[in-house]
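Novice: Quick one, upload.pdb (PDB, C-alpha atoms):
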```pdb
ATOM      1  CA  MET A 273      81.990  -5.850  10.871
ATOM      2  CA  GLY A 274      83.725  -6.288   7.522
ATOM      3  CA  GLU A 275      86.524  -8.299   9.135
ATOM      4  CA  LEU A 276      84.026 -10.475  10.990
ATOM      5  CA  SER A 277      82.069 -11.061   7.784
ATOM      6  CA  GLU A 278      85.255 -12.125   6.009
ATOM      7  CA  THR A 279      86.117 -14.510   8.863
ATOM      8  CA  VAL A 280      82.676 -16.124   8.734
ATOM      9  CA  GLY A 281      82.910 -16.371   4.949
ATOM     10  CA  ARG A 282      86.088 -18.417   5.421
ATOM     11  CA  SER A 283      84.339 -20.852   7.760
ATOM     12  CA  ARG A 284      86.014 -24.227   8.162
ATOM     13  CA  PHE A 285      82.625 -25.765   7.431
ATOM     14  CA  LEU A 286      82.952 -24.638   3.801
ATOM     15  CA  ALA A 287      86.637 -25.483   3.360
ATOM     16  CA  ASP A 288      86.010 -28.757   1.502
ATOM     17  CA  LEU A 289      84.063 -27.127  -1.344
ATOM     18  CA  SER A 290      85.726 -27.459  -4.731
ATOM     19  CA  PRO A 291      85.066 -26.529  -8.389
ATOM     20  CA  ASP A 292      83.591 -30.014  -8.826
ATOM     21  CA  ASP A 293      80.651 -28.911  -6.670
ATOM     22  CA  ARG A 294      79.698 -26.466  -9.412
ATOM     23  CA  ASP A 295      79.168 -29.304 -11.842
ATOM     24  CA  PRO A 296      75.512 -28.810 -12.918
ATOM     25  CA  TRP A 297      75.035 -32.511 -13.623
ATOM     26  CA  ARG A 298      75.871 -33.398 -10.043
ATOM     27  CA  THR A 299      73.375 -30.874  -8.777
ATOM     28  CA  VAL A 300      70.724 -32.109 -11.192
ATOM     29  CA  LEU A 301      71.268 -35.691 -10.013
ATOM     30  CA  ALA A 302      71.791 -35.006  -6.303
ATOM     31  CA  ILE A 303      68.353 -33.537  -5.588
ATOM     32  CA  PRO A 304      66.123 -36.250  -7.125
ATOM     33  CA  ILE A 305      68.352 -39.042  -5.823
ATOM     34  CA  GLY A 306      68.331 -37.439  -2.395
ATOM     35  CA  LEU A 307      64.545 -37.088  -2.497
ATOM     36  CA  MET A 308      64.080 -40.743  -3.445
ATOM     37  CA  THR A 309      66.401 -42.077  -0.746
ATOM     38  CA  GLY A 310      64.905 -39.604   1.717
ATOM     39  CA  ALA A 311      61.358 -40.769   0.979
ATOM     40  CA  VAL A 312      62.249 -44.410   1.603
ATOM     41  CA  ALA A 313      64.291 -43.661   4.731
ATOM     42  CA  GLY A 314      61.606 -41.311   6.042
ATOM     43  CA  LEU A 315      58.925 -43.973   5.690
ATOM     44  CA  LEU A 316      61.103 -46.519   7.467
ATOM     45  CA  GLY A 317      62.022 -44.025  10.182
ATOM     46  CA  GLY A 318      58.418 -43.032  10.818
ATOM     47  CA  LEU A 319      57.190 -46.638  10.940
ATOM     48  CA  SER A 320      60.060 -47.657  13.229
ATOM     49  CA  ALA A 321      59.339 -44.800  15.633
ATOM     50  CA  ILE A 322      55.632 -45.660  15.721
ATOM     51  CA  LEU A 323      56.386 -49.354  16.300
ATOM     52  CA  VAL A 324      58.842 -48.682  19.130
ATOM     53  CA  PHE A 325      56.473 -46.241  20.837
ATOM     54  CA  MET A 326      53.542 -48.674  20.460
ATOM     55  CA  LEU A 327      55.583 -51.549  21.920
ATOM     56  CA  ILE A 328      56.616 -49.451  24.913
ATOM     57  CA  VAL A 329      53.086 -48.224  25.641
ATOM     58  CA  GLY A 330      51.533 -51.599  24.879
ATOM     59  CA  GLY A 331      54.043 -53.317  27.123
ATOM     60  CA  LEU A 332      53.200 -50.983  29.977
ATOM     61  CA  ASP A 333      49.425 -50.744  29.719
ATOM     62  CA  GLY A 334      48.277 -53.306  27.175
ATOM     63  CA  ALA A 335      47.123 -53.265  23.580
ATOM     64  CA  GLU A 336      44.055 -51.181  24.362
ATOM     65  CA  ALA A 337      46.188 -48.232  25.478
ATOM     66  CA  ALA A 338      48.440 -48.587  22.436
ATOM     67  CA  THR A 339      45.462 -48.715  20.061
ATOM     68  CA  ALA A 340      44.024 -45.548  21.610
ATOM     69  CA  LEU A 341      47.065 -43.644  20.378
ATOM     70  CA  PHE A 342      45.873 -43.947  16.777
ATOM     71  CA  GLU A 343      42.878 -41.760  17.566
ATOM     72  CA  VAL A 344      45.139 -38.804  16.851
ATOM     73  CA  PHE A 345      45.372 -39.926  13.209
ATOM     74  CA  SER A 346      41.712 -40.839  12.781
ATOM     75  CA  ASP A 347      40.668 -37.419  14.076
ATOM     76  CA  GLY A 348      43.391 -34.902  13.340
ATOM     77  CA  ALA A 349      41.264 -32.081  14.744
ATOM     78  CA  LEU A 350      41.676 -33.388  18.290
ATOM     79  CA  SER A 351      43.040 -30.608  20.470
ATOM     80  CA  ASP A 352      42.607 -32.046  23.974
ATOM     81  CA  LEU A 353      45.288 -34.717  23.743
ATOM     82  CA  THR A 354      46.775 -36.786  26.518
ATOM     83  CA  GLY A 355      50.472 -36.557  27.209
ATOM     84  CA  ARG A 356      51.031 -39.935  25.588
ATOM     85  CA  GLN A 357      49.149 -38.931  22.467
ATOM     86  CA  SER A 358      51.268 -35.793  22.126
ATOM     87  CA  LEU A 359      54.451 -37.820  22.556
ATOM     88  CA  PHE A 360      53.164 -40.361  20.035
ATOM     89  CA  ILE A 361      52.732 -37.644  17.422
ATOM     90  CA  LEU A 362      56.158 -36.246  18.275
ATOM     91  CA  ALA A 363      57.787 -39.679  17.997
ATOM     92  CA  ALA A 364      56.215 -40.325  14.593
ATOM     93  CA  LEU A 365      57.275 -36.902  13.288
ATOM     94  CA  ALA A 366      60.799 -37.193  14.701
ATOM     95  CA  GLY A 367      61.300 -40.644  13.151
ATOM     96  CA  LEU A 368      59.880 -39.531   9.808
ATOM     97  CA  ASN A 369      61.882 -36.307   9.637
ATOM     98  CA  LEU A 370      65.169 -37.761  10.847
ATOM     99  CA  GLY A 371      64.908 -40.733   8.502
ATOM    100  CA  ALA A 372      64.071 -38.478   5.558
ATOM    101  CA  ALA A 373      66.891 -36.042   6.371
ATOM    102  CA  VAL A 374      69.541 -38.735   6.780
ATOM    103  CA  GLY A 375      68.342 -40.529   3.638
ATOM    104  CA  PHE A 376      68.337 -37.330   1.580
ATOM    105  CA  VAL A 377      71.806 -36.221   2.672
ATOM    106  CA  MET A 378      73.291 -39.692   2.230
ATOM    107  CA  GLY A 379      71.848 -39.977  -1.260
ATOM    108  CA  ALA A 380      72.938 -36.489  -2.261
ATOM    109  CA  SER A 381      76.365 -36.816  -0.648
ATOM    110  CA  GLY A 382      77.032 -39.927  -2.716
ATOM    111  CA  VAL A 383      76.526 -37.910  -5.889
ATOM    112  CA  HIS A 384      78.862 -35.189  -4.634
ATOM    113  CA  ARG A 385      81.412 -37.791  -3.431
ATOM    114  CA  ARG A 386      81.543 -36.240   0.030
ATOM    115  CA  GLY A 387      81.421 -38.092   3.334
ATOM    116  CA  PHE A 388      78.219 -37.796   5.341
ATOM    117  CA  ARG A 389      79.996 -36.290   8.363
ATOM    118  CA  ARG A 390      81.122 -33.346   6.232
ATOM    119  CA  TYR A 391      77.538 -32.099   6.443
ATOM    120  CA  ILE A 392      77.732 -32.100  10.249
ATOM    121  CA  ASN A 393      81.097 -30.399  10.703
ATOM    122  CA  ALA A 394      84.507 -30.417   9.070
ATOM    123  CA  GLY A 395      84.679 -34.211   9.340
ATOM    124  CA  GLN A 396      85.378 -34.353  13.086
ATOM    125  CA  PRO A 397      83.602 -36.630  15.574
ATOM    126  CA  LEU A 398      80.282 -35.200  16.707
ATOM    127  CA  ARG A 399      80.927 -32.444  19.265
ATOM    128  CA  TRP A 400      78.326 -33.402  21.843
ATOM    129  CA  ARG A 401      79.204 -30.611  24.252
ATOM    130  CA  LEU A 402      78.152 -28.053  21.679
ATOM    131  CA  VAL A 403      74.761 -29.777  21.390
ATOM    132  CA  TRP A 404      74.179 -29.890  25.155
ATOM    133  CA  GLY A 405      75.588 -26.410  25.660
ATOM    134  CA  GLY A 406      73.256 -24.893  23.080
ATOM    135  CA  LEU A 407      70.301 -26.814  24.490
ATOM    136  CA  VAL A 408      70.881 -25.663  28.073
ATOM    137  CA  LEU A 409      71.982 -22.080  27.425
ATOM    138  CA  VAL A 410      69.298 -21.160  24.888
ATOM    139  CA  GLY A 411      66.634 -23.121  26.773
ATOM    140  CA  VAL A 412      67.298 -21.411  30.105
ATOM    141  CA  VAL A 413      67.353 -17.938  28.542
ATOM    142  CA  MET A 414      64.138 -18.495  26.564
ATOM    143  CA  ALA A 415      62.312 -20.008  29.543
ATOM    144  CA  ALA A 416      63.363 -17.062  31.720
ATOM    145  CA  ILE A 417      62.187 -14.541  29.122
ATOM    146  CA  ILE A 418      58.801 -16.255  28.709
ATOM    147  CA  ALA A 419      58.315 -16.536  32.471
ATOM    148  CA  GLY A 420      59.284 -12.905  32.985
ATOM    149  CA  PHE A 421      56.999 -11.723  30.203
ATOM    150  CA  SER A 422      54.049 -13.616  31.697
ATOM    151  CA  VAL A 423      54.664 -12.005  35.093
ATOM    152  CA  VAL A 424      54.855  -8.505  33.635
ATOM    153  CA  SER A 425      52.071  -8.583  31.057
ATOM    154  CA  GLY A 426      50.051 -11.713  31.847
ATOM    155  CA  PRO A 427      48.299 -14.029  31.552
ATOM    156  CA  ALA A 428      50.022 -16.209  34.128
ATOM    157  CA  LEU A 429      52.137 -18.984  32.631
ATOM    158  CA  ASP A 430      50.450 -22.402  32.798
ATOM    159  CA  PRO A 431      53.188 -24.866  31.733
ATOM    160  CA  VAL A 432      52.061 -27.790  29.615
ATOM    161  CA  VAL A 433      54.414 -30.180  31.414
ATOM    162  CA  LEU A 434      52.501 -29.658  34.681
ATOM    163  CA  LYS A 435      49.225 -30.775  33.086
ATOM    164  CA  VAL A 436      50.298 -34.033  31.425
ATOM    165  CA  SER A 437      50.491 -36.014  34.669
ATOM    166  CA  PRO A 438      49.325 -35.623  38.281
ATOM    167  CA  ASN A 439      52.715 -36.631  39.699
ATOM    168  CA  LEU A 440      56.373 -35.685  39.401
ATOM    169  CA  VAL A 441      57.442 -39.025  37.903
ATOM    170  CA  GLY A 442      54.988 -38.742  35.002
ATOM    171  CA  ARG A 443      55.935 -35.132  34.333
ATOM    172  CA  SER A 444      59.635 -35.955  34.422
ATOM    173  CA  LEU A 445      59.242 -38.871  32.007
ATOM    174  CA  TYR A 446      57.212 -36.692  29.653
ATOM    175  CA  ALA A 447      59.889 -33.985  29.718
ATOM    176  CA  ILE A 448      62.783 -36.412  29.191
ATOM    177  CA  ILE A 449      61.122 -38.202  26.275
ATOM    178  CA  ALA A 450      59.997 -34.911  24.690
ATOM    179  CA  ILE A 451      63.514 -33.426  24.927
ATOM    180  CA  ALA A 452      65.096 -36.533  23.391
ATOM    181  CA  LEU A 453      62.602 -36.585  20.507
ATOM    182  CA  LEU A 454      62.941 -32.851  19.889
ATOM    183  CA  ILE A 455      66.728 -33.185  19.666
ATOM    184  CA  LEU A 456      66.242 -35.832  16.966
ATOM    185  CA  ALA A 457      63.711 -33.658  15.115
ATOM    186  CA  SER A 458      66.006 -30.628  15.283
ATOM    187  CA  THR A 459      68.934 -32.712  14.054
ATOM    188  CA  ALA A 460      66.915 -33.571  10.956
ATOM    189  CA  GLU A 461      66.230 -29.937  10.056
ATOM    190  CA  GLU A 462      69.758 -28.776  10.846
ATOM    191  CA  LEU A 463      71.255 -31.565   8.740
ATOM    192  CA  VAL A 464      69.244 -30.533   5.682
ATOM    193  CA  PHE A 465      69.244 -26.736   6.022
ATOM    194  CA  ARG A 466      72.441 -25.807   7.857
ATOM    195  CA  GLY A 467      74.225 -28.911   6.563
ATOM    196  CA  TRP A 468      73.461 -29.803   2.964
ATOM    197  CA  LEU A 469      71.721 -26.604   1.808
ATOM    198  CA  LEU A 470      74.219 -24.225   3.405
ATOM    199  CA  LYS A 471      77.231 -26.059   2.035
ATOM    200  CA  HIS A 472      75.951 -26.259  -1.525
ATOM    201  CA  SER A 473      74.506 -22.757  -1.683
ATOM    202  CA  ALA A 474      77.943 -21.521  -0.538
ATOM    203  CA  VAL A 475      79.350 -22.927  -3.784
ATOM    204  CA  TYR A 476      77.717 -19.951  -5.493
ATOM    205  CA  ILE A 477      77.408 -17.433  -2.616
ATOM    206  CA  ARG A 478      80.161 -16.734  -0.096
ATOM    207  CA  ASN A 479      78.745 -13.594   1.516
ATOM    208  CA  PRO A 480      77.589 -14.807   4.966
ATOM    209  CA  PHE A 481      74.695 -12.343   5.148
ATOM    210  CA  ALA A 482      73.357 -13.476   1.776
ATOM    211  CA  LEU A 483      73.661 -17.094   2.927
ATOM    212  CA  MET A 484      71.792 -16.246   6.126
ATOM    213  CA  ALA A 485      69.001 -14.533   4.218
ATOM    214  CA  LEU A 486      68.623 -17.361   1.693
ATOM    215  CA  ASN A 487      68.730 -20.110   4.310
ATOM    216  CA  GLY A 488      66.327 -18.298   6.630
ATOM    217  CA  LEU A 489      63.768 -17.621   3.906
ATOM    218  CA  LEU A 490      63.823 -21.206   2.636
ATOM    219  CA  PHE A 491      63.663 -22.549   6.195
ATOM    220  CA  ALA A 492      60.544 -20.471   6.898
ATOM    221  CA  ALA A 493      58.981 -21.286   3.525
ATOM    222  CA  ILE A 494      59.259 -25.067   3.982
ATOM    223  CA  HIS A 495      57.193 -24.824   7.174
ATOM    224  CA  LEU A 496      54.274 -23.346   5.166
ATOM    225  CA  ASP A 497      53.617 -20.710   7.819
ATOM    226  CA  PRO A 498      50.086 -19.322   7.317
ATOM    227  CA  SER A 499      50.881 -15.952   8.891
ATOM    228  CA  LEU A 500      53.602 -13.411   8.267
ATOM    229  CA  ASN A 501      54.337 -13.232  12.010
ATOM    230  CA  ALA A 502      55.440 -16.870  12.192
ATOM    231  CA  PHE A 503      57.245 -16.616   8.841
ATOM    232  CA  LEU A 504      59.398 -13.709  10.041
ATOM    233  CA  VAL A 505      60.339 -15.403  13.314
ATOM    234  CA  ARG A 506      61.237 -18.686  11.597
ATOM    235  CA  ALA A 507      63.257 -16.844   8.952
ATOM    236  CA  ALA A 508      65.173 -15.079  11.723
ATOM    237  CA  ILE A 509      65.795 -18.405  13.474
ATOM    238  CA  GLY A 510      67.066 -19.955  10.232
ATOM    239  CA  ALA A 511      69.380 -16.985   9.617
ATOM    240  CA  GLY A 512      70.734 -17.089  13.175
ATOM    241  CA  LEU A 513      71.374 -20.839  13.020
ATOM    242  CA  THR A 514      73.203 -20.318   9.720
ATOM    243  CA  TRP A 515      75.539 -17.856  11.451
ATOM    244  CA  MET A 516      76.111 -20.468  14.171
ATOM    245  CA  ALA A 517      77.078 -23.143  11.645
ATOM    246  CA  LEU A 518      79.494 -20.832   9.857
ATOM    247  CA  ARG A 519      81.003 -19.429  13.048
ATOM    248  CA  LEU A 520      81.439 -22.760  14.857
ATOM    249  CA  GLY A 521      82.335 -24.820  11.781
ATOM    250  CA  GLY A 522      79.420 -27.241  12.120
ATOM    251  CA  ILE A 523      75.770 -27.710  13.018
ATOM    252  CA  GLU A 524      76.101 -29.084  16.578
ATOM    253  CA  LEU A 525      75.478 -25.831  18.467
ATOM    254  CA  GLY A 526      72.570 -25.132  16.115
ATOM    255  CA  ILE A 527      71.052 -28.538  16.902
ATOM    256  CA  GLY A 528      71.066 -27.713  20.611
ATOM    257  CA  ALA A 529      69.753 -24.171  20.142
ATOM    258  CA  HIS A 530      67.056 -25.309  17.694
ATOM    259  CA  ALA A 531      65.966 -28.090  20.059
ATOM    260  CA  ALA A 532      65.899 -25.653  22.987
ATOM    261  CA  ASN A 533      63.475 -23.368  21.149
ATOM    262  CA  ASN A 534      61.138 -26.301  20.455
ATOM    263  CA  VAL A 535      61.504 -27.743  23.964
ATOM    264  CA  VAL A 536      60.472 -24.465  25.570
ATOM    265  CA  ILE A 537      57.421 -24.254  23.311
ATOM    266  CA  VAL A 538      56.327 -27.873  23.867
ATOM    267  CA  LEU A 539      56.947 -27.992  27.629
ATOM    268  CA  LEU A 540      55.772 -24.498  28.544
ATOM    269  CA  LEU A 541      53.424 -23.096  25.898
ATOM    270  CA  ARG A 542      51.591 -25.691  23.806
ATOM    271  CA  PRO A 543      51.771 -29.441  23.209
ATOM    272  CA  ILE A 544      52.289 -31.118  19.868
ATOM    273  CA  THR A 545      49.031 -31.677  17.945
ATOM    274  CA  LEU A 546      48.068 -32.330  14.339
ATOM    275  CA  GLN A 547      45.961 -29.187  14.151
ATOM    276  CA  PRO A 548      47.236 -26.767  11.496
ATOM    277  CA  GLU A 549      48.459 -23.345  12.527
ATOM    278  CA  ALA A 550      45.765 -20.694  12.293
ATOM    279  CA  ALA A 551      46.449 -17.634  10.151
ATOM    280  CA  ARG A 552      46.773 -14.431  12.183
ATOM    281  CA  ALA A 553      46.781 -10.773  11.282
ATOM    282  CA  PHE A 554      50.211  -9.191  10.999
ATOM    283  CA  GLN A 555      51.535  -7.649  14.208
ATOM    284  CA  ALA A 556      54.386  -5.168  14.234
ATOM    285  CA  GLY A 557      55.708  -6.812  17.393
ATOM    286  CA  SER A 558      56.700  -9.852  15.338
ATOM    287  CA  VAL A 559      59.435  -7.761  13.697
ATOM    288  CA  VAL A 560      60.840  -7.019  17.153
ATOM    289  CA  SER A 561      60.587 -10.694  18.150
ATOM    290  CA  ALA A 562      62.342 -11.789  14.955
ATOM    291  CA  THR A 563      65.105  -9.224  15.445
ATOM    292  CA  LEU A 564      65.672 -10.266  19.057
ATOM    293  CA  MET A 565      65.727 -13.941  18.094
ATOM    294  CA  LEU A 566      68.296 -13.311  15.355
ATOM    295  CA  ALA A 567      70.455 -11.178  17.658
ATOM    296  CA  GLY A 568      70.204 -13.751  20.437
ATOM    297  CA  LEU A 569      71.354 -16.656  18.284
ATOM    298  CA  ILE A 570      74.225 -14.629  16.854
ATOM    299  CA  GLY A 571      75.106 -13.594  20.411
ATOM    300  CA  VAL A 572      75.251 -17.221  21.574
ATOM    301  CA  ALA A 573      77.545 -18.111  18.669
ATOM    302  CA  GLU A 574      79.828 -15.167  19.414
ATOM    303  CA  LEU A 575      79.879 -15.996  23.125
ATOM    304  CA  TRP A 576      80.989 -19.533  22.314
ATOM    305  CA  THR A 577      83.586 -18.331  19.849
ATOM    306  CA  ARG A 578      85.068 -15.509  21.897
ATOM    307  CA  TRP A 579      84.896 -16.747  25.500
ATOM    308  CA  SER A 580      87.914 -18.979  26.057
ATOM    309  CA  PRO A 581      86.452 -21.041  28.978
ATOM    310  CA  LEU A 582      83.552 -22.123  26.748
ATOM    311  CA  ARG A 583      85.896 -22.862  23.855
ATOM    312  CA  ARG A 584      88.123 -24.990  26.062
ATOM    313  CA  TRP A 585      85.164 -26.900  27.556
ATOM    314  CA  THR A 586      83.885 -27.653  24.060
ATOM    315  CA  GLY A 587      87.325 -28.481  22.686
ATOM    316  CA  LEU A 588      87.458 -25.543  20.262
ATOM    317  CA  SER A 589      91.062 -24.425  20.096
ATOM    318  CA  ALA A 590      90.290 -21.426  17.878
ATOM    319  CA  PRO A 591      87.438 -19.854  15.894
ATOM    320  CA  ALA A 592      86.356 -22.171  13.096
ATOM    321  CA  ALA A 593      87.817 -20.318  10.116
ATOM    322  CA  VAL A 594      90.540 -21.182   7.645
TER     323      VAL A 594
END
```
Translate the structure described by the file into structure tokens.
Specialist:
Amino acid sequence: MGELSETVGRSRFLADLSPDDRDPWRTVLAIPIGLMTGAVAGLLGGLSAILVFMLIVGGLDGAEAATALFEVFSDGALSDLTGRQSLFILAALAGLNLGAAVGFVMGASGVHRRGFRRYINAGQPLRWRLVWGGLVLVGVVMAAIIAGFSVVSGPALDPVVLKVSPNLVGRSLYAIIAIALLILASTAEELVFRGWLLKHSAVYIRNPFALMALNGLLFAAIHLDPSLNAFLVRAAIGAGLTWMALRLGGIELGIGAHAANNVVIVLLLRPITLQPEAARAFQAGSVVSATLMLAGLIGVAELWTRWSPLRRWTGLSAPAAV
């Protein structure tokens, strides 16, 4: 374990860090500048996503159908949403979050004089096969676990995707659009947390387990989880995705795995709404769930790193350490 920890601590993703990154003035400037550029880009991204979605829906079914989408904002307590309304919310959130994330990292990276792509991987072209591989592998495993659990303990699984449309074409379109939007939303969070935050916290901390703990706790905290159960699971997810970024030398596999988790939830368990999460009493089972989630994400990263057929398919010639 000590040798593995040392290997992860020497991740290629962190190889471009230098003493200049410890300059306190750069850190002091990077955060507010990043927040300002992120706010502007987030607003533009959210408005663009809303406009595109409205034009598509309006073009298909007229202005009346497009106008009906805004009911979700006028009454945020709506829980019985149509499939289009759920996708509308998801599109607005994905555009807002991705715009804000890209704007923040671009603003902050300018202060640190580091290219934007260095927050995705070691400066390589985007490794799309890692994204798709993480999406498919983690998605299939999670869907199988949820389906198996419902068979064993009940109640019977009633997938959301089967209720959004009476026909296969409508369900397929819903699933395709939801997956695409959730990949964009996951990219935003990975770019900020496992990209910018991980790289700059590693300036001061090189122990991978400390980085995992810090990143996971901050990742859970930013979601403002009202219950300890959800906080623990999200912290475990953040820690596991941090291991992925360090082990694979970039955030691409984490984007796919993160998106897969959200896709399974949205397509199988519950649709996107604007209703806030309800606080729930602590359950000891959440510790088990968090532990299994952390172990599963680490396991996926190790499988990708150690199994040569997967490495060759992805184009990884060797584990991402220097």
Novice: Carefully work through the PyMOL selection byres ((chain A and resi 381) around 12) for this structure and note down the residues it includes, as JSON, numbers by chain.
Specialist: {"A": [293, 298, 299, 301, 302, 303, 305, 306, 307, 309, 373, 374, 375, 376, 377, 378, 379, 380, 382, 383, 384, 385, 386, 387, 388, 389, 390, 391, 392, 463, 464, 467, 468, 469, 471, 472]}
Novice: As a check of understanding, name the residues that the PyMOL selection byres ((chain A and resi 500) around 9) selects in the supplied structure, as a PyMOL selection string.
Specialist: chain A and resi 497-499+501-505+551-555+558
Novice: Emit as AutoDock Vina command-line options the padded axis-aligned box for all listed atoms of segment 517-525 of chain A, 3 Å per side, with centre and edge lengths in Å to one decimal.
Specialist:
```
--center_x 78.9 --center_y -24.3 --center_z 14.2 --size_x 12.9 --size_y 15.7 --size_z 14.6
```
Novice: Using the chain letters and numbers from the file, give me the residues hit by the PyMOL selection byres ((chain A and resi 482) around 12), as a PyMOL selection string.
Specialist: chain A and resi 277+280-281+470+473-474+476-481+483-489+511+514-515
Novice: I'd like the contact shell of Ala364 of chain A - 7 Å cut-off, only C-alpha atoms, skipping same-chain residues fewer than 6 positions apart - returned as a PyMOL selection string.
Specialist: chain A and resi 318+321-322
Novice: Restricting the output to C-alpha atoms, write the selected residues as a PDB file, in the frame of the given file.
Specialist:
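Result written to out.pdb:
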```pdb
ATOM      1  CA  GLY A 318      58.418 -43.032  10.818  1.00  0.00           C
ATOM      2  CA  ALA A 321      59.339 -44.800  15.633  1.00  0.00           C
ATOM      3  CA  ILE A 322      55.632 -45.660  15.721  1.00  0.00           C
TER       4      ILE A 322
END
```
Novice: Just give me the gap between atom CA of Ala313 of chain A and atom CA of Phe325 of chain A in Å, one decimal is fine.
Specialist: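 Going from atom CA of Ala313 of chain A over to atom CA of Phe325 of chain A, I get 18.1 Å.
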Novice: With distances taken over all atoms listed in the file, which of A:Asn369, A:Gln396, A:Ser422, A:Ser561 is nearest to Leu541 of chain A?
Specialist: A:Ser422
Novice: Between A:Ile448, A:Val344, A:Met326, A:Leu513, single out the one closest to Gly568 of chain A, counting only C-alpha atoms.
Specialist: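 The answer is A:Leu513, which sits nearest to Gly568 of chain A.
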Novice: Rounded to one decimal place, report the atom CA of Ile328 of chain A-atom CA of His530 of chain A distance in Å.
Specialist: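 Atom-to-atom, atom CA of Ile328 of chain A to atom CA of His530 of chain A, that is 27.3 Å.
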Novice: For a quick check of your reading of the model, name the residues lying within 12 Å of the coordinate (62.6, -10.2, 18.6), counting only C-alpha atoms, and write them as a short mmCIF file (atom, residue, chain, number, x, y, z; two decimals) with C-alpha atoms, in the frame of the given file.
Specialist:
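Result file follows (point_15.cif):
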```
data_model
loop_
_atom_site.label_atom_id
_atom_site.label_comp_id
_atom_site.auth_asym_id
_atom_site.auth_seq_id
_atom_site.Cartn_x
_atom_site.Cartn_y
_atom_site.Cartn_z
CA MET A 414 64.14 -18.50 26.56
CA ILE A 417 62.19 -14.54 29.12
CA ASN A 501 54.34 -13.23 12.01
CA ALA A 502 55.44 -16.87 12.19
CA LEU A 504 59.40 -13.71 10.04
CA VAL A 505 60.34 -15.40 13.31
CA ARG A 506 61.24 -18.69 11.60
CA ALA A 507 63.26 -16.84 8.95
CA ALA A 508 65.17 -15.08 11.72
CA ILE A 509 65.80 -18.40 13.47
CA GLY A 512 70.73 -17.09 13.18
CA ALA A 556 54.39 -5.17 14.23
CA GLY A 557 55.71 -6.81 17.39
CA SER A 558 56.70 -9.85 15.34
CA VAL A 559 59.44 -7.76 13.70
CA VAL A 560 60.84 -7.02 17.15
CA SER A 561 60.59 -10.69 18.15
CA ALA A 562 62.34 -11.79 14.96
CA THR A 563 65.10 -9.22 15.44
CA LEU A 564 65.67 -10.27 19.06
CA MET A 565 65.73 -13.94 18.09
CA LEU A 566 68.30 -13.31 15.36
CA ALA A 567 70.46 -11.18 17.66
CA GLY A 568 70.20 -13.75 20.44
CA LEU A 569 71.35 -16.66 18.28
#
```
Novice: Under the rule that only C-alpha atoms are counted, which of A:Val572, A:Leu525, A:Ala416, A:Val424 is the nearest residue to Ile455 of chain A?
Specialist: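 Ranked by minimum distance to Ile455 of chain A, first place goes to A:Leu525.
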Novice: Please list, as an MDAnalysis selection string, the residues that have an atom at most 12 Å away from (59.4, -30.1, 27.5) in the coordinates of this file, counting only C-alpha atoms.
Specialist: chainID A and resid 355 358:359 362 407 411 415 431:436 443:455 531:544
Novice: Now that the selection is made, can you save its residues with C-alpha atoms as an mmCIF file, keeping the file's coordinate frame?
Specialist:
```cif
data_model
loop_
_atom_site.group_PDB
_atom_site.id
_atom_site.type_symbol
_atom_site.label_atom_id
_atom_site.label_comp_id
_atom_site.auth_asym_id
_atom_site.auth_seq_id
_atom_site.Cartn_x
_atom_site.Cartn_y
_atom_site.Cartn_z
ATOM 1 C CA GLY A 355 50.472 -36.557 27.209
ATOM 2 C CA SER A 358 51.268 -35.793 22.126
ATOM 3 C CA LEU A 359 54.451 -37.820 22.556
ATOM 4 C CA LEU A 362 56.158 -36.246 18.275
ATOM 5 C CA LEU A 407 70.301 -26.814 24.490
ATOM 6 C CA GLY A 411 66.634 -23.121 26.773
ATOM 7 C CA ALA A 415 62.312 -20.008 29.543
ATOM 8 C CA PRO A 431 53.188 -24.866 31.733
ATOM 9 C CA VAL A 432 52.061 -27.790 29.615
ATOM 10 C CA VAL A 433 54.414 -30.180 31.414
ATOM 11 C CA LEU A 434 52.501 -29.658 34.681
ATOM 12 C CA LYS A 435 49.225 -30.775 33.086
ATOM 13 C CA VAL A 436 50.298 -34.033 31.425
ATOM 14 C CA ARG A 443 55.935 -35.132 34.333
ATOM 15 C CA SER A 444 59.635 -35.955 34.422
ATOM 16 C CA LEU A 445 59.242 -38.871 32.007
ATOM 17 C CA TYR A 446 57.212 -36.692 29.653
ATOM 18 C CA ALA A 447 59.889 -33.985 29.718
ATOM 19 C CA ILE A 448 62.783 -36.412 29.191
ATOM 20 C CA ILE A 449 61.122 -38.202 26.275
ATOM 21 C CA ALA A 450 59.997 -34.911 24.690
ATOM 22 C CA ILE A 451 63.514 -33.426 24.927
ATOM 23 C CA ALA A 452 65.096 -36.533 23.391
ATOM 24 C CA LEU A 453 62.602 -36.585 20.507
ATOM 25 C CA LEU A 454 62.941 -32.851 19.889
ATOM 26 C CA ILE A 455 66.728 -33.185 19.666
ATOM 27 C CA ALA A 531 65.966 -28.090 20.059
ATOM 28 C CA ALA A 532 65.899 -25.653 22.987
ATOM 29 C CA ASN A 533 63.475 -23.368 21.149
ATOM 30 C CA ASN A 534 61.138 -26.301 20.455
ATOM 31 C CA VAL A 535 61.504 -27.743 23.964
ATOM 32 C CA VAL A 536 60.472 -24.465 25.570
ATOM 33 C CA ILE A 537 57.421 -24.254 23.311
ATOM 34 C CA VAL A 538 56.327 -27.873 23.867
ATOM 35 C CA LEU A 539 56.947 -27.992 27.629
ATOM 36 C CA LEU A 540 55.772 -24.498 28.544
ATOM 37 C CA LEU A 541 53.424 -23.096 25.898
ATOM 38 C CA ARG A 542 51.591 -25.691 23.806
ATOM 39 C CA PRO A 543 51.771 -29.441 23.209
ATOM 40 C CA ILE A 544 52.289 -31.118 19.868
#
```
Novice: I need the residue nearest Ala492 of chain A from this list: A:Phe360, A:Gly442, A:Leu518, A:Glu461. Use only C-alpha atoms for the distance.
Specialist: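 Of A:Phe360, A:Gly442, A:Leu518, A:Glu461, the one nearest Ala492 of chain A is A:Glu461, counting only C-alpha atoms.
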